[in-house]
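I have placed the structure first, in the form of structure tokens, so that the comments after it can refer back to it.
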Amino acid sequence: MSIGYACIIEGVNNIRYKTVKLSNLNDDKLREIISHNLSTLEKAIDYNISKNIKLYRITSELIPFASTDYVTINWVEEYRDYFKKIGDKIKKHNIKVSLHPGQYSVLNSFNEKVVNSAIRDLEYHTKVLDLLGLDFSFKMVLHIGGIYFDKELAIKNFIKNFELLSTNAKRRLIIENDDKSFNILDLLRISSEINIPVVYDNLHNSINSVDDSITDFEWIKLCSKTWKKDDGRQKVHYSIQAPNKKIGSHSETIYIEQFLEYYNSFDNLDIDIMLEVKDKNISALKCINATRKNKDIRYLEEEWSLFKLYILQKSYKKYKKISKLLTEKSNYPVIKFYTLIEECYSLKVNKKSCIRSIEEVWKQIKDYALDNEKINFEKKFIKYKKNEISLNAIKNYLLSLSLKYNIDNLITSYYFYF
DNA sequence: TGACGTCAAGATCCG
DNA sequence: CGGATCTTGACGTCA
């Protein structure tokens, strides 16, 4: 079983994909962005390797406007070697990567133009996986599309247009239930016609449900039949409703107790769980640590080193409490640990605790800092205490010094990124 | 015609 | 100048 996250890496310095607006697009700009994005993808893979995260969704924005006529350079040939290098790394470390074309790729449309651009988009996503040199267990996930006043006809159109895809695209396509049009039963029916795997999304099912008496576990078991040997391990999407937001909005974080309730209902199913959540890799690490077989407190200590300054700025009391929780080295208090951290998310930063956190950071920088940097810091710190500059302003200065002096312990701290 | 969802880029304003 | 806060874009469907 693997647990993973989609596209963006949160809380890590200098891993960010770039985009470009059509009005600023030219060949040089495009090459600059493709090089940057491929190098960012490689960094993302390196990050996943370092954290032992085995499931990752690659952004569809890797090559901007890839499936349009606006791109005229031959990016496939220009970047073939780089793709292969990254793909080799993915294979070597056994990371399952996937892609998810967006909601505007509508294969079942009755508008020929829309269908053609959906096909082009799916062929682009297929090309990325092909260029990485990955076998057909590496997939792209798609929704069915629109209803057009007649669901049965819309389904027929999906099946018909599916046949227009290349062999490789057909072998890589998997389909997911959505939150308003096609429910999980529709998906199972479509799958039985065209023989491609179904991804079960629990949140979409709870919004657009067939039968509330059927549990997530039961639906996952039903979907498992659509996954053949060559398709690799069955995948599901897991997300929960964001409290107080629009129906269907993904939550900021995955709440560990709620996740474990879901996870423990499986009775040891061997599936891949793609989390759809705003805090991305941070929730993935949480869920991985909560479900790992090797329960060693060092995993929590490693996590704590990333969180502790962030927690300190919010509440000294919680900071002490979590520190104390980790003192008994034979324990593995994973649920308590993450629950305490989750409780801090909703807390506002507290001036006194913030000052403490700044002092703590400065302690680790001051021996490296030049005289003028020390003076600069003191000036900013006084201004911060007098509410003349923001917390972010002083954090940014401290981060720039951490980067300059390569203080890994600080650079990796979530303190600077949230 | 605007909302929907997504997230970085770009614009604008402030001190 | 840095920092904070809006607005824009690019897509197709649906009310």
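Identifiers in this document derive from the order of the structure tokens: chains are assigned A, B, ..., residues are numbered from 1 separately in each chain, and ligands are numbered from 1 in order of occurrence.
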
So that each row is one residue of chain C with an atom at most 12 Å from chain A, can you give its shortest atom pair and the distance in Å to one decimal, using only C-alpha atoms (C1' of nucleotides), rows by chain and rising number, as JSON lines?
```
{"residue": "C:DG2", "atom": "C1'", "partner": "A:Ala393", "partner_atom": "CA", "distance": 8.0}
{"residue": "C:DG3", "atom": "C1'", "partner": "A:Ala393", "partner_atom": "CA", "distance": 7.1}
{"residue": "C:DA4", "atom": "C1'", "partner": "A:Ser390", "partner_atom": "CA", "distance": 10.0}
{"residue": "C:DT8", "atom": "C1'", "partner": "A:Lys21", "partner_atom": "CA", "distance": 9.4}
{"residue": "C:DG9", "atom": "C1'", "partner": "A:Lys21", "partner_atom": "CA", "distance": 6.6}
{"residue": "C:DA10", "atom": "C1'", "partner": "A:Leu22", "partner_atom": "CA", "distance": 8.5}
{"residue": "C:DC11", "atom": "C1'", "partner": "A:Tyr104", "partner_atom": "CA", "distance": 5.0}
{"residue": "C:DG12", "atom": "C1'", "partner": "A:Tyr104", "partner_atom": "CA", "distance": 5.3}
{"residue": "C:DT13", "atom": "C1'", "partner": "A:Gly146", "partner_atom": "CA", "distance": 6.6}
{"residue": "C:DC14", "atom": "C1'", "partner": "A:Gly146", "partner_atom": "CA", "distance": 9.1}
```

Practice task
Show which residues sit within 12 Å of Lys278 in chain A, as a PyMOL selection string. Count only C-alpha atoms (C1' of nucleotides), and ignore same-chain residues fewer than 6 positions away.
Solution key: (chain A and resi 5-11+239-242+249-254+284) or (chain B and resi 6-7)

Problem - Interface list for chain B, partner chain A, 12 Å threshold, only C-alpha atoms (C1' of nucleotides), as a VMD selection string - result: chain B and resid 4 to 10 15

Could the residues in this selection be written to a file with C-alpha atoms (C1' of nucleotides), as a compact mmCIF listing (two decimals), in the first residue's frame?
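The new file result-v6.txt reads:
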```txt
# COMPACT_ATOMS: atom_id res chain seq x y z
C1' DC B 4 -17.35 26.74 -10.95
C1' DG B 5 -11.81 25.18 -9.55
C1' DT B 6 -7.02 25.87 -9.67
C1' DC B 7 -2.75 28.30 -8.69
C1' DA B 8 0.94 31.09 -10.29
C1' DA B 9 1.68 35.50 -12.65
C1' DG B 10 0.95 40.08 -12.78
C1' DG B 15 5.29 52.61 3.65
```

Hey, could you make a per-residue contact list for range 252-283 of chain A against range 48-55 of chain A with 9 Å as the cut-off, showing the nearest pair of atoms and its distance in Å to one decimal, counting only C-alpha atoms, sorted by chain and number, as JSON lines?
```
{"residue": "A:Asp272", "atom": "CA", "partner": "A:Leu55", "partner_atom": "CA", "distance": 7.5}
{"residue": "A:Ile273", "atom": "CA", "partner": "A:Leu55", "partner_atom": "CA", "distance": 8.1}
{"residue": "A:Met274", "atom": "CA", "partner": "A:Leu55", "partner_atom": "CA", "distance": 7.2}
{"residue": "A:Asn281", "atom": "CA", "partner": "A:Ile53", "partner_atom": "CA", "distance": 8.6}
```

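As for CA of Asp231 in chain A and CA of Phe136 in chain A, they are spaced 6.4 Å apart.
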
Exercise for the section: Enumerate the residues of range 152-376 of chain A with a DSSP assignment of strand (DSSP E or B), computed from the backbone, and present them as an MDAnalysis selection string. Expected result: chainID A and resid 173:176 198:201 235:238 241 250 272:275

Please produce an output containing C-alpha atoms for each residue in the selection, written as a JSON list (two decimals), in the first residue's frame.
```json
[["chain", "number", "residue", "atom", "x", "y", "z"],
["A", 173, "LEU", "CA", -6.77, 5.82, -19.04],
["A", 174, "ILE", "CA", -8.62, 5.21, -15.78],
["A", 175, "ILE", "CA", -11.89, 6.86, -14.78],
["A", 176, "GLU", "CA", -13.23, 8.41, -11.59],
["A", 198, "VAL", "CA", -12.26, 2.74, -11.90],
["A", 199, "VAL", "CA", -10.89, 5.08, -9.24],
["A", 200, "TYR", "CA", -13.24, 5.39, -6.27],
["A", 201, "ASP", "CA", -13.42, 8.86, -4.73],
["A", 235, "LYS", "CA", -5.94, 3.24, -6.64],
["A", 236, "VAL", "CA", -8.53, 5.30, -4.77],
["A", 237, "HIS", "CA", -8.85, 9.00, -4.01],
["A", 238, "TYR", "CA", -9.39, 10.04, -0.42],
["A", 241, "GLN", "CA", -15.16, 18.06, 3.03],
["A", 250, "HIS", "CA", -11.13, 19.71, -0.09],
["A", 272, "ASP", "CA", -2.86, 3.03, -3.29],
["A", 273, "ILE", "CA", -4.48, 6.03, -1.63],
["A", 274, "MET", "CA", -4.13, 9.40, -3.35],
["A", 275, "LEU", "CA", -4.95, 12.17, -0.90]]
```
